[in-house]
>>> print(open('work05.txt').read())   # compact mmCIF, C-alpha atoms and all ligand atoms
# COMPACT_ATOMS: atom_id res chain seq x y z
CA MET A 1 74.75 20.19 136.53
CA LYS A 2 77.41 17.46 136.56
CA LYS A 3 78.69 16.71 140.05
CA ILE A 4 82.47 16.46 140.13
CA TYR A 5 84.23 14.74 143.00
CA LEU A 6 87.87 15.74 143.48
CA ASP A 7 88.23 14.73 147.14
CA ASN A 8 89.40 11.13 146.80
CA ASN A 9 92.03 11.50 149.55
CA ALA A 10 89.14 12.13 151.98
CA THR A 11 87.28 9.06 150.84
CA THR A 12 86.54 7.12 147.66
CA PRO A 13 83.23 5.79 146.33
CA LEU A 14 82.57 2.09 146.86
CA ASP A 15 83.64 0.16 143.76
CA PRO A 16 80.56 -1.65 142.36
CA ARG A 17 82.55 -4.92 142.41
CA VAL A 18 83.27 -4.40 146.10
CA TYR A 19 79.58 -3.73 146.72
CA GLU A 20 78.64 -6.99 144.95
CA ALA A 21 81.17 -8.95 147.00
CA MET A 22 79.82 -7.50 150.25
CA LEU A 23 76.11 -8.07 149.59
CA PRO A 24 75.87 -11.79 150.51
CA HIS A 25 77.52 -10.96 153.84
CA LEU A 26 74.82 -8.42 154.60
CA LYS A 27 72.14 -11.00 153.79
CA GLU A 28 72.32 -14.78 153.86
CA ASN A 29 75.99 -15.21 154.91
CA PHE A 30 75.51 -13.56 158.27
CA GLY A 31 77.36 -16.11 160.40
CA ASN A 32 79.88 -15.30 163.09
CA PRO A 33 83.36 -16.44 161.98
CA SER A 34 83.98 -17.84 165.48
CA SER A 35 80.97 -20.19 165.37
CA ILE A 36 81.66 -23.84 164.60
CA HIS A 37 78.50 -24.55 162.57
CA THR A 38 78.11 -24.20 158.81
CA PHE A 39 77.11 -20.52 159.02
CA GLY A 40 80.20 -19.78 161.06
CA ARG A 41 82.50 -21.82 158.86
CA SER A 42 81.29 -20.07 155.76
CA ALA A 43 81.93 -16.70 157.42
CA LYS A 44 85.39 -17.88 158.50
CA ALA A 45 86.19 -18.92 154.93
CA ALA A 46 85.26 -15.40 153.74
CA LEU A 47 87.41 -13.87 156.47
CA ASP A 48 90.37 -16.05 155.44
CA LYS A 49 89.98 -15.09 151.79
CA ALA A 50 89.88 -11.38 152.65
CA ARG A 51 93.03 -11.75 154.75
CA GLU A 52 94.81 -13.28 151.74
CA GLN A 53 93.68 -10.41 149.53
CA VAL A 54 94.77 -7.73 152.01
CA ALA A 55 98.11 -9.45 152.70
CA GLY A 56 98.62 -9.70 148.92
CA LEU A 57 98.39 -5.93 148.44
CA VAL A 58 101.41 -5.30 150.69
CA SER A 59 103.23 -8.66 150.33
CA ALA A 60 102.67 -9.61 153.96
CA ARG A 61 102.07 -13.03 155.49
CA LEU A 62 98.54 -13.95 156.53
CA LYS A 63 99.32 -14.01 160.25
CA GLU A 64 100.74 -10.50 160.02
CA ILE A 65 97.41 -8.88 159.12
CA VAL A 66 95.07 -7.78 161.94
CA PHE A 67 91.72 -6.31 160.91
CA THR A 68 90.72 -3.06 162.63
CA SER A 69 88.02 -0.41 162.29
CA GLY A 70 90.19 1.71 159.97
CA GLY A 71 93.30 3.83 159.66
CA SER A 72 92.76 5.73 162.90
CA GLU A 73 92.48 2.58 164.98
CA SER A 74 95.47 1.01 163.22
CA ASN A 75 97.59 4.09 163.98
CA ASN A 76 96.41 4.19 167.60
CA TYR A 77 97.09 0.50 168.07
CA ALA A 78 100.53 0.61 166.44
CA ILE A 79 101.73 3.72 168.28
CA LYS A 80 100.17 3.21 171.72
CA GLY A 81 100.67 -0.56 171.57
CA ALA A 82 104.37 -0.26 170.74
CA ALA A 83 105.04 2.69 173.06
CA LEU A 84 103.39 1.11 176.10
CA ASN A 85 104.98 -2.26 175.44
CA GLN A 86 108.44 -0.76 175.09
CA ARG A 87 107.99 1.50 178.13
CA ASP A 88 107.73 -1.67 180.18
CA ARG A 89 111.28 -2.40 178.91
CA GLY A 90 112.62 1.02 179.85
CA LYS A 91 112.38 2.66 176.41
CA THR A 92 110.54 5.93 176.85
CA HIS A 93 111.40 7.97 173.75
CA LEU A 94 109.35 8.16 170.54
CA ILE A 95 109.98 9.90 167.21
CA THR A 96 107.50 11.10 164.63
CA THR A 97 107.14 13.97 162.15
CA ARG A 98 105.24 17.25 162.22
CA VAL A 99 103.18 16.33 159.17
CA GLU A 100 101.42 13.16 160.33
CA HIS A 101 97.68 12.63 160.15
CA GLU A 102 95.79 13.69 163.30
CA SER A 103 95.16 10.05 164.25
CA ALA A 104 98.92 9.66 164.71
CA LEU A 105 99.75 13.16 165.98
CA TYR A 106 97.13 13.20 168.73
CA THR A 107 98.13 9.70 169.78
CA PHE A 108 101.66 11.01 170.33
CA ARG A 109 100.30 13.99 172.27
CA TYR A 110 98.36 11.56 174.46
CA LEU A 111 101.50 9.51 175.10
CA GLU A 112 103.33 12.70 176.08
CA SER A 113 100.62 13.32 178.66
CA GLU A 114 101.37 9.82 179.95
CA GLY A 115 105.00 10.79 180.56
CA LEU A 116 106.68 9.58 177.35
CA ARG A 117 109.10 11.83 175.47
CA VAL A 118 108.36 12.59 171.81
CA THR A 119 110.64 14.16 169.17
CA TYR A 120 108.69 15.76 166.31
CA LEU A 121 110.91 15.93 163.22
CA GLY A 122 110.44 18.95 160.98
CA VAL A 123 110.26 18.85 157.19
CA ASP A 124 111.77 21.06 154.48
CA ASP A 125 109.75 23.13 152.01
CA ARG A 126 109.22 20.02 149.87
CA GLY A 127 107.67 18.19 152.82
CA MET A 128 110.65 15.86 153.38
CA ILE A 129 112.27 14.91 156.66
CA ASP A 130 116.06 15.05 156.97
CA LEU A 131 117.44 11.51 157.24
CA ASP A 132 120.56 12.66 159.09
CA GLU A 133 118.41 14.42 161.67
CA LEU A 134 116.39 11.23 162.04
CA ARG A 135 119.56 9.17 162.50
CA ASP A 136 120.88 11.61 165.11
CA SER A 137 117.58 11.64 167.00
CA ILE A 138 117.45 7.90 167.65
CA THR A 139 118.98 6.91 170.98
CA ASP A 140 119.13 3.71 173.01
CA GLU A 141 115.91 4.85 174.68
CA THR A 142 113.98 5.21 171.42
CA ALA A 143 111.16 2.71 171.30
CA LEU A 144 109.44 3.64 168.06
CA VAL A 145 109.74 5.83 164.99
CA SER A 146 106.53 6.56 163.10
CA CYS A 147 106.59 8.30 159.74
CA MET A 148 103.77 8.36 157.23
CA TYR A 149 104.28 6.80 153.79
CA ALA A 150 102.40 9.46 151.82
CA ASN A 151 100.89 12.67 153.10
CA ASN A 152 97.12 13.04 152.85
CA GLU A 153 97.18 16.81 152.26
CA THR A 154 100.09 17.27 149.86
CA GLY A 155 100.63 13.75 148.51
CA VAL A 156 104.34 13.95 149.38
CA VAL A 157 105.85 10.45 149.49
CA MET A 158 108.46 9.84 152.19
CA PRO A 159 111.50 7.57 151.58
CA VAL A 160 110.13 4.91 153.94
CA GLY A 161 112.47 2.20 152.67
CA GLU A 162 115.52 4.24 153.71
CA ILE A 163 113.85 5.38 156.92
CA ALA A 164 113.14 1.77 157.87
CA GLU A 165 116.79 0.82 157.24
CA ILE A 166 118.02 3.61 159.52
CA VAL A 167 115.53 2.80 162.28
CA LYS A 168 116.19 -0.94 162.21
CA GLU A 169 119.95 -0.39 162.22
CA LYS A 170 119.51 1.60 165.43
CA GLY A 171 117.35 -1.10 167.01
CA ALA A 172 114.01 0.73 167.29
CA LEU A 173 110.60 -0.24 165.91
CA PHE A 174 109.31 1.44 162.75
CA HIS A 175 105.66 2.18 161.98
CA THR A 176 104.35 3.77 158.82
CA ASP A 177 100.88 5.12 158.13
CA ALA A 178 100.30 3.86 154.59
CA VAL A 179 96.62 4.85 154.44
CA GLN A 180 97.18 7.19 151.46
CA ALA A 181 99.92 5.14 149.83
CA ALA A 182 98.08 1.81 149.64
CA GLY A 183 96.38 1.30 146.30
CA LYS A 184 98.40 4.15 144.75
CA LEU A 185 101.97 2.88 145.19
CA ASP A 186 103.36 -0.65 145.09
CA ILE A 187 104.08 -1.59 148.69
CA ASP A 188 106.29 -4.61 149.24
CA LEU A 189 106.93 -5.42 152.88
CA ASN A 190 109.71 -7.81 151.87
CA GLU A 191 111.57 -4.74 150.65
CA ILE A 192 110.47 -2.21 153.26
CA LYS A 193 111.55 -3.31 156.70
CA ALA A 194 108.65 -1.72 158.59
CA ASP A 195 107.47 -3.49 161.75
CA LEU A 196 104.01 -1.94 161.62
CA LEU A 197 101.95 -0.52 158.75
CA SER A 198 98.43 0.96 158.76
CA ILE A 199 95.92 0.77 155.91
CA SER A 200 92.27 1.70 155.49
CA ALA A 201 89.58 0.35 153.15
CA HIS A 202 87.66 3.52 152.35
CA LYS A 203 90.63 5.21 150.68
CA ILE A 204 90.86 2.40 148.12
CA TYR A 205 87.21 2.09 147.02
CA GLY A 206 86.28 -0.15 149.94
CA PRO A 207 83.79 0.47 152.76
CA LYS A 208 84.25 2.88 155.65
CA GLY A 209 85.00 1.59 159.14
CA THR A 210 87.41 -1.18 158.08
CA GLY A 211 91.17 -1.29 157.98
CA ALA A 212 94.16 -3.36 158.93
CA LEU A 213 97.36 -3.18 160.87
CA PHE A 214 100.33 -5.16 159.58
CA ILE A 215 102.37 -6.45 162.53
CA ARG A 216 105.61 -8.07 161.40
CA SER A 217 105.96 -11.49 162.87
CA ASP A 218 109.42 -12.15 164.19
CA PRO A 219 109.95 -15.52 165.88
CA ALA A 220 113.01 -14.08 167.66
CA GLN A 221 110.89 -11.46 169.40
CA GLU A 222 107.93 -11.65 171.74
CA SER A 223 104.88 -9.60 170.82
CA ILE A 224 105.89 -6.04 169.92
CA LEU A 225 102.55 -4.50 170.91
CA ARG A 226 100.57 -4.06 174.11
CA ILE A 227 97.08 -5.32 173.26
CA LEU A 228 94.47 -2.56 173.48
CA ILE A 229 91.16 -4.37 172.90
CA HIS A 230 90.61 -7.41 175.09
CA GLY A 231 87.77 -9.85 174.85
CA GLY A 232 86.98 -12.99 172.87
CA GLY A 233 90.47 -13.31 171.43
CA GLN A 234 89.65 -12.78 167.76
CA GLU A 235 92.47 -11.90 165.35
CA ARG A 236 94.83 -14.34 167.10
CA GLY A 237 94.19 -12.51 170.36
CA LYS A 238 95.53 -9.24 168.95
CA ARG A 239 92.21 -7.43 168.52
CA SER A 240 89.10 -8.83 170.11
CA GLY A 241 85.57 -8.25 168.86
CA THR A 242 83.36 -10.03 166.34
CA GLU A 243 84.79 -9.15 162.94
CA ASN A 244 83.01 -6.67 160.67
CA LEU A 245 82.67 -9.33 158.01
CA PRO A 246 80.85 -7.39 155.25
CA GLY A 247 83.39 -4.60 155.65
CA ILE A 248 86.35 -6.96 155.71
CA VAL A 249 85.12 -8.86 152.65
CA GLY A 250 84.75 -5.54 150.83
CA PHE A 251 88.20 -4.47 151.97
CA GLY A 252 89.67 -7.73 150.63
CA GLU A 253 87.99 -7.26 147.27
CA ALA A 254 89.14 -3.62 147.13
CA CYS A 255 92.73 -4.72 147.81
CA GLU A 256 92.66 -7.34 145.07
CA ILE A 257 91.28 -4.83 142.57
CA ALA A 258 93.83 -2.20 143.63
CA GLN A 259 96.70 -4.64 143.20
CA LYS A 260 95.57 -5.54 139.68
CA GLU A 261 94.63 -2.06 138.55
CA VAL A 262 97.05 0.35 140.21
CA ALA A 263 99.25 0.69 137.11
CA ARG A 264 96.25 1.32 134.88
CA ASP A 265 94.81 3.87 137.34
CA ARG A 266 98.13 5.70 137.48
CA GLU A 267 98.49 5.81 133.69
CA ARG A 268 95.04 7.30 133.29
CA ILE A 269 94.81 9.59 136.32
CA LYS A 270 98.31 11.11 136.49
CA PRO A 271 97.98 12.90 133.13
CA LEU A 272 94.65 14.35 134.29
CA ARG A 273 96.28 15.67 137.47
CA ASP A 274 99.20 17.06 135.44
CA ALA A 275 96.81 18.75 133.00
CA LEU A 276 94.94 20.32 135.90
CA ARG A 277 98.19 21.74 137.26
CA GLU A 278 99.33 23.01 133.88
CA ARG A 279 96.06 24.75 133.09
CA ILE A 280 95.85 26.35 136.54
CA THR A 281 99.42 27.61 136.08
CA ASN A 282 98.64 29.03 132.64
CA GLU A 283 95.37 30.67 133.52
CA ILE A 284 95.58 31.83 137.12
CA PRO A 285 98.29 34.13 138.48
CA GLY A 286 99.46 33.97 142.10
CA VAL A 287 99.32 30.21 142.57
CA ARG A 288 101.84 28.24 144.59
CA TYR A 289 101.93 24.45 144.72
CA HIS A 290 102.86 22.52 147.84
CA GLY A 291 105.05 19.43 147.82
CA ASP A 292 107.84 17.99 145.74
CA PRO A 293 106.50 17.34 142.21
CA ASP A 294 109.03 14.52 141.75
CA ASN A 295 107.98 12.78 144.92
CA MET A 296 104.22 12.89 145.08
CA LEU A 297 101.18 10.71 144.81
CA TRP A 298 100.01 10.87 141.21
CA ASN A 299 96.45 11.84 142.09
CA THR A 300 97.05 14.82 144.41
CA LEU A 301 97.50 18.54 143.80
CA ASN A 302 97.66 21.03 146.65
CA ALA A 303 97.74 24.70 145.68
CA SER A 304 97.50 28.08 147.41
CA PHE A 305 95.72 30.88 145.57
CA SER A 306 97.03 34.18 146.94
CA GLY A 307 94.40 36.49 148.37
CA VAL A 308 91.77 33.74 148.42
CA LYS A 309 90.55 31.89 151.52
CA GLY A 310 90.64 28.13 150.95
CA GLU A 311 87.17 27.59 152.47
CA SER A 312 85.73 30.34 150.39
CA LEU A 313 87.13 28.77 147.22
CA ALA A 314 85.95 25.31 148.25
CA MET A 315 82.46 26.64 149.01
CA ASN A 316 82.22 28.49 145.70
CA LEU A 317 83.38 25.41 143.82
CA ASP A 318 80.80 23.36 145.71
CA ILE A 319 78.05 25.69 144.50
CA GLU A 320 79.24 24.83 140.98
CA GLY A 321 79.02 21.09 141.81
CA ILE A 322 82.77 20.61 142.34
CA ALA A 323 83.99 18.96 145.57
CA VAL A 324 87.51 19.73 146.77
CA SER A 325 88.96 20.02 150.22
CA THR A 326 90.83 22.71 152.10
CA GLY A 327 94.04 21.91 153.90
CA ALA A 328 92.53 23.48 156.98
CA ALA A 329 91.12 21.33 159.73
CA CYS A 330 87.72 22.53 160.88
CA SER A 331 86.55 21.71 164.34
CA GLU A 332 83.65 23.32 166.16
CA GLY A 333 83.51 26.14 163.67
CA LYS A 334 87.10 27.25 164.10
CA VAL A 335 89.51 26.89 161.21
CA ASP A 336 93.18 26.22 161.81
CA PRO A 337 95.55 26.57 158.86
CA SER A 338 97.01 23.21 157.89
CA HIS A 339 99.73 21.97 160.26
CA VAL A 340 101.30 20.21 157.28
CA LEU A 341 101.72 23.33 155.16
CA ARG A 342 102.84 25.34 158.19
CA ALA A 343 105.50 22.69 158.90
CA MET A 344 106.65 23.09 155.27
CA GLY A 345 107.25 26.77 155.92
CA ALA A 346 104.06 28.25 154.46
CA SER A 347 102.82 31.43 156.16
CA LYS A 348 99.44 31.32 157.96
CA GLU A 349 97.83 33.22 155.07
CA GLU A 350 99.34 30.93 152.47
CA ALA A 351 98.29 27.82 154.37
CA ALA A 352 94.78 29.21 154.79
CA SER A 353 94.54 29.87 151.05
CA SER A 354 95.18 26.32 149.94
CA VAL A 355 92.89 23.73 148.45
CA ARG A 356 93.53 20.09 147.70
CA PHE A 357 92.37 18.45 144.51
CA SER A 358 92.54 14.67 144.76
CA LEU A 359 91.55 12.69 141.69
CA GLY A 360 90.37 9.12 141.55
CA ARG A 361 88.95 6.27 139.49
CA ILE A 362 85.73 8.16 138.79
CA THR A 363 87.53 11.30 137.55
CA GLU A 364 87.09 11.89 133.82
CA LYS A 365 88.83 14.24 131.41
CA GLU A 366 85.59 16.18 131.13
CA ASP A 367 85.71 16.86 134.90
CA ILE A 368 89.11 18.51 134.56
CA ASP A 369 87.87 20.54 131.57
CA ILE A 370 84.91 21.81 133.60
CA VAL A 371 87.02 22.62 136.66
CA THR A 372 89.67 24.49 134.70
CA LYS A 373 86.96 26.43 132.88
CA LYS A 374 85.21 27.53 136.06
CA LEU A 375 88.14 28.00 138.42
CA PRO A 376 89.74 31.20 136.97
CA GLY A 377 86.42 33.09 137.14
CA ILE A 378 85.72 31.97 140.70
CA VAL A 379 89.23 32.90 141.87
CA SER A 380 89.12 36.36 140.32
CA ARG A 381 85.60 36.95 141.70
CA ILE A 382 86.77 36.11 145.22
CA ARG A 383 89.90 38.24 144.76
CA SER A 384 87.83 41.21 143.67
CA VAL A 385 85.72 41.37 146.85
C1 LIG A 401 97.21 9.47 156.16
C2 LIG A 401 95.96 9.06 156.89
N1 LIG A 401 96.06 8.31 157.99
C3 LIG A 401 94.98 7.90 158.67
C4 LIG A 401 93.72 8.23 158.27
C5 LIG A 401 92.53 7.75 159.06
O1 LIG A 401 91.90 6.68 158.41
P1 LIG A 401 90.39 6.29 158.77
O2 LIG A 401 89.52 7.34 158.16
O3 LIG A 401 90.19 4.94 158.14
O4 LIG A 401 90.29 6.23 160.25
C6 LIG A 401 93.55 9.03 157.13
C7 LIG A 401 92.21 9.48 156.70
O5 LIG A 401 92.02 10.60 156.27
C8 LIG A 401 94.70 9.44 156.41
O6 LIG A 401 94.61 10.20 155.31
>>> encode(input="work05.txt", output="structure tokens")
Amino acid sequence: MKKIYLDNNATTPLDPRVYEAMLPHLKENFGNPSSIHTFGRSAKAALDKAREQVAGLVSARLKEIVFTSGGSESNNYAIKGAALNQRDRGKTHLITTRVEHESALYTFRYLESEGLRVTYLGVDDRGMIDLDELRDSITDETALVSCMYANNETGVVMPVGEIAEIVKEKGALFHTDAVQAAGKLDIDLNEIKADLLSISAHKIYGPKGTGALFIRSDPAQESILRILIHGGGQERGKRSGTENLPGIVGFGEACEIAQKEVARDRERIKPLRDALRERITNEIPGVRYHGDPDNMLWNTLNASFSGVKGESLAMNLDIEGIAVSTGAACSEGKVDPSHVLRAMGASKEEAASSVRFSLGRITEKEDIDIVTKKLPGIVSRIRSV
């Protein structure tokens, strides 16, 4: 049985070219980039090259890229770092949205427990925030606005360029979680006036446990973040700890490949996603899609199948060798319907009956043919019991 992987928003397979680039750094090039001998200098050269590759993907400057352990750490650092730094200056209000990834949402909850005030902006049924509401929510006390670039569950893409303009006009800091957008959309930080932007390697065919935080360098301003990890002063003092060099080298390679191949990926994968949607629509009644079709990542399809539990559908597809994900977050055996779909106005039942198909570089036309052949039977079987 052919195994079909349609969960690329959860993670992507390591690109073989990334693997090749990493190998020497798991073997002979094991030096510590902070050491002054030849081993260290060679490691430092690899670190510098990776920084160029990562900066290139988002049109940042080299000194604006800080390597982290992934998207969650980047979000934590950006949000806590900015909030705590600004609190020292009397700004105690933060703004985010109801549809953020847990690594951002729970960071805001933590900051609330520390006495900061947080406004959670709602979204409409297409998953979009209201820009007027955003504008009206920003006050002189607002330290930071954080809004994700593209949603991991629905693929909805937020107008971050416009959001950044509004936030900067009002004098607050703007962070965006671009973990799902990077490698799928062209991100140009000369155009988008974000102060902080999070990315992660394993969503773009790089290794797990590596990411970066872009911190805009502004000579007119002192550091915009409270430092969270102290120690040997790596990453220009912004994030101590010996760098995960194999991971970072892989991340760099993945960024360079993504930059070169994003247009080709989109041209090949979007029609597959569209065909999947069309065939589901034609062959299965009672399906509702989530998100604005004109404003979505080209690899993502999130659909609710009425009368069908999302986990049950995902488990039945898994038995047939097809990996998809449910919008529901599972922790310790309890399943909560997706906070993202609920924020978009979906009922509990509807949210609990959704699955996410996320396509990627390894998805072939044959995969979509197999899925669309098997899916109607599985759905009607579940509906009949
Ligand atoms: C939008 C978004 N932000 C942050 C993260 C966390 O990234 P990481 O897995 O690298 O910690 C994810 C991962 O699912 C994500 O989809």
>>> axis_aligned_box(input="work05.txt", around="segment 243-249 of chain A", padding_each_side="6 Å", output="lines of an AutoDock Vina configuration file")
center_x = 83.6
center_y = -7.0
center_z = 157.8
size_x = 17.5
size_y = 16.7
size_z = 22.3
>>> closest_atom_pairs(input="work05.txt", of="chain A", to="ligand LIG 401 (chain A)", cutoff="9 Å", atoms="all atoms listed in the file", output="JSON lines")
{"residue": "A:Asn9", "atom": "CA", "partner": "A:LIG401", "partner_atom": "O6", "distance": 6.4}
{"residue": "A:Ala10", "atom": "CA", "partner": "A:LIG401", "partner_atom": "O5", "distance": 5.4}
{"residue": "A:Thr11", "atom": "CA", "partner": "A:LIG401", "partner_atom": "O5", "distance": 7.4}
{"residue": "A:Ser69", "atom": "CA", "partner": "A:LIG401", "partner_atom": "O3", "distance": 7.1}
{"residue": "A:Gly70", "atom": "CA", "partner": "A:LIG401", "partner_atom": "O3", "distance": 3.7}
{"residue": "A:Gly71", "atom": "CA", "partner": "A:LIG401", "partner_atom": "O1", "distance": 3.4}
{"residue": "A:Ser72", "atom": "CA", "partner": "A:LIG401", "partner_atom": "O4", "distance": 3.7}
{"residue": "A:Glu73", "atom": "CA", "partner": "A:LIG401", "partner_atom": "O4", "distance": 6.4}
{"residue": "A:Ser74", "atom": "CA", "partner": "A:LIG401", "partner_atom": "O4", "distance": 7.9}
{"residue": "A:Asn75", "atom": "CA", "partner": "A:LIG401", "partner_atom": "C3", "distance": 7.0}
{"residue": "A:Glu100", "atom": "CA", "partner": "A:LIG401", "partner_atom": "C1", "distance": 7.0}
{"residue": "A:His101", "atom": "CA", "partner": "A:LIG401", "partner_atom": "N1", "distance": 5.1}
{"residue": "A:Glu102", "atom": "CA", "partner": "A:LIG401", "partner_atom": "C3", "distance": 7.5}
{"residue": "A:Ser103", "atom": "CA", "partner": "A:LIG401", "partner_atom": "C3", "distance": 6.0}
{"residue": "A:Ala104", "atom": "CA", "partner": "A:LIG401", "partner_atom": "C3", "distance": 7.4}
{"residue": "A:Met148", "atom": "CA", "partner": "A:LIG401", "partner_atom": "C1", "distance": 6.7}
{"residue": "A:Tyr149", "atom": "CA", "partner": "A:LIG401", "partner_atom": "C1", "distance": 7.9}
{"residue": "A:Ala150", "atom": "CA", "partner": "A:LIG401", "partner_atom": "C1", "distance": 6.8}
{"residue": "A:Asn151", "atom": "CA", "partner": "A:LIG401", "partner_atom": "C1", "distance": 5.8}
{"residue": "A:Asn152", "atom": "CA", "partner": "A:LIG401", "partner_atom": "O6", "distance": 4.5}
{"residue": "A:Glu153", "atom": "CA", "partner": "A:LIG401", "partner_atom": "O6", "distance": 7.7}
{"residue": "A:Asp177", "atom": "CA", "partner": "A:LIG401", "partner_atom": "N1", "distance": 5.8}
{"residue": "A:Ala178", "atom": "CA", "partner": "A:LIG401", "partner_atom": "C1", "distance": 6.6}
{"residue": "A:Val179", "atom": "CA", "partner": "A:LIG401", "partner_atom": "C2", "distance": 4.9}
{"residue": "A:Gln180", "atom": "CA", "partner": "A:LIG401", "partner_atom": "C1", "distance": 5.2}
{"residue": "A:Ala181", "atom": "CA", "partner": "A:LIG401", "partner_atom": "C1", "distance": 8.1}
{"residue": "A:Ser198", "atom": "CA", "partner": "A:LIG401", "partner_atom": "C3", "distance": 7.8}
{"residue": "A:Ile199", "atom": "CA", "partner": "A:LIG401", "partner_atom": "O3", "distance": 7.4}
{"residue": "A:Ser200", "atom": "CA", "partner": "A:LIG401", "partner_atom": "O3", "distance": 4.7}
{"residue": "A:Ala201", "atom": "CA", "partner": "A:LIG401", "partner_atom": "O3", "distance": 6.8}
{"residue": "A:His202", "atom": "CA", "partner": "A:LIG401", "partner_atom": "O3", "distance": 6.5}
{"residue": "A:Lys203", "atom": "CA", "partner": "A:LIG401", "partner_atom": "O3", "distance": 7.5}
{"residue": "A:Lys208", "atom": "CA", "partner": "A:LIG401", "partner_atom": "O3", "distance": 6.8}
{"residue": "A:Gly209", "atom": "CA", "partner": "A:LIG401", "partner_atom": "O3", "distance": 6.3}
{"residue": "A:Thr210", "atom": "CA", "partner": "A:LIG401", "partner_atom": "O3", "distance": 6.7}
{"residue": "A:Gly211", "atom": "CA", "partner": "A:LIG401", "partner_atom": "O3", "distance": 6.3}
>>> atom_distance(input="work05.txt", atom1="atom CA of Ala182 of chain A", atom2="atom CA of Ser34 of chain A")
28.9 Å
>>> closest_residue(input="work05.txt", among="A:Phe214, A:Phe251, A:Tyr77, A:Tyr5", to="Leu47 of chain A", atoms="all atoms listed in the file")
A:Phe251
>>> closest_atom_pairs(input="work05.txt", of="segment 37-150 of chain A", to="segment 225-242 of chain A", cutoff="9 Å", atoms="all atoms listed in the file", output="tab-separated table")
residue	atom	partner	partner_atom	distance
A:Lys63	CA	A:Arg236	CA	8.2
A:Ile65	CA	A:Glu235	CA	8.5
A:Val66	CA	A:Glu235	CA	5.9
A:Phe67	CA	A:Glu235	CA	7.2
A:Thr68	CA	A:Arg239	CA	7.5
A:Tyr77	CA	A:Leu228	CA	6.7
A:Ala78	CA	A:Leu225	CA	7.1
A:Ile79	CA	A:Leu225	CA	8.7
A:Lys80	CA	A:Arg226	CA	7.7
A:Gly81	CA	A:Arg226	CA	4.3
A:Ala82	CA	A:Leu225	CA	4.6
A:Ala83	CA	A:Leu225	CA	7.9
A:Leu84	CA	A:Arg226	CA	6.2
A:Asn85	CA	A:Arg226	CA	4.9
A:Gln86	CA	A:Leu225	CA	8.1
>>> closest_residue(input="work05.txt", among="A:Ile215, A:Met158, A:Ile362, A:Met315", to="Asn299 of chain A", atoms="all atoms listed in the file")
A:Ile362
>>> closest_residue(input="work05.txt", among="A:Ser146, A:Thr38, A:Ser306, A:Ser358", to="Ser380 of chain A", atoms="all atoms listed in the file")
A:Ser306
>>> residues_around(input="work05.txt", residues="segment 342-348 of chain A", least_positions_apart="4", cutoff="8 Å", atoms="only C-alpha atoms", output="list in words")
Arg98, Val99, Gly122, Val123, Asp124, Asp125, Arg126, Gly127, Pro337, Ser338 and Ala352 of chain A
>>> write_last_selection(input="work05.txt", atoms="C-alpha atoms", output="JSON list (two decimals), in the frame of the given file")
[["chain", "number", "residue", "atom", "x", "y", "z"],
["A", 98, "ARG", "CA", 105.24, 17.25, 162.22],
["A", 99, "VAL", "CA", 103.18, 16.33, 159.17],
["A", 122, "GLY", "CA", 110.44, 18.95, 160.98],
["A", 123, "VAL", "CA", 110.26, 18.85, 157.19],
["A", 124, "ASP", "CA", 111.77, 21.06, 154.48],
["A", 125, "ASP", "CA", 109.75, 23.13, 152.01],
["A", 126, "ARG", "CA", 109.22, 20.02, 149.87],
["A", 127, "GLY", "CA", 107.67, 18.19, 152.82],
["A", 337, "PRO", "CA", 95.55, 26.57, 158.86],
["A", 338, "SER", "CA", 97.01, 23.21, 157.89],
["A", 352, "ALA", "CA", 94.78, 29.21, 154.79]]
>>> residues_around(input="work05.txt", residues="Ala194 of chain A", least_positions_apart="3", cutoff="8 Å", atoms="only C-alpha atoms", output="list in words")
Ala164, Leu173, Phe174, His175, Thr176, Leu189, Leu197 and Arg216 of chain A
>>> closest_residue(input="work05.txt", among="A:Leu375, A:Asn8, A:Tyr205, A:Arg273", to="Gly250 of chain A", atoms="all atoms listed in the file")
A:Tyr205
>>> closest_residue(input="work05.txt", among="A:Phe39, A:Cys255, A:Asp274, A:Pro24", to="Asp294 of chain A", atoms="all atoms listed in the file")
A:Asp274
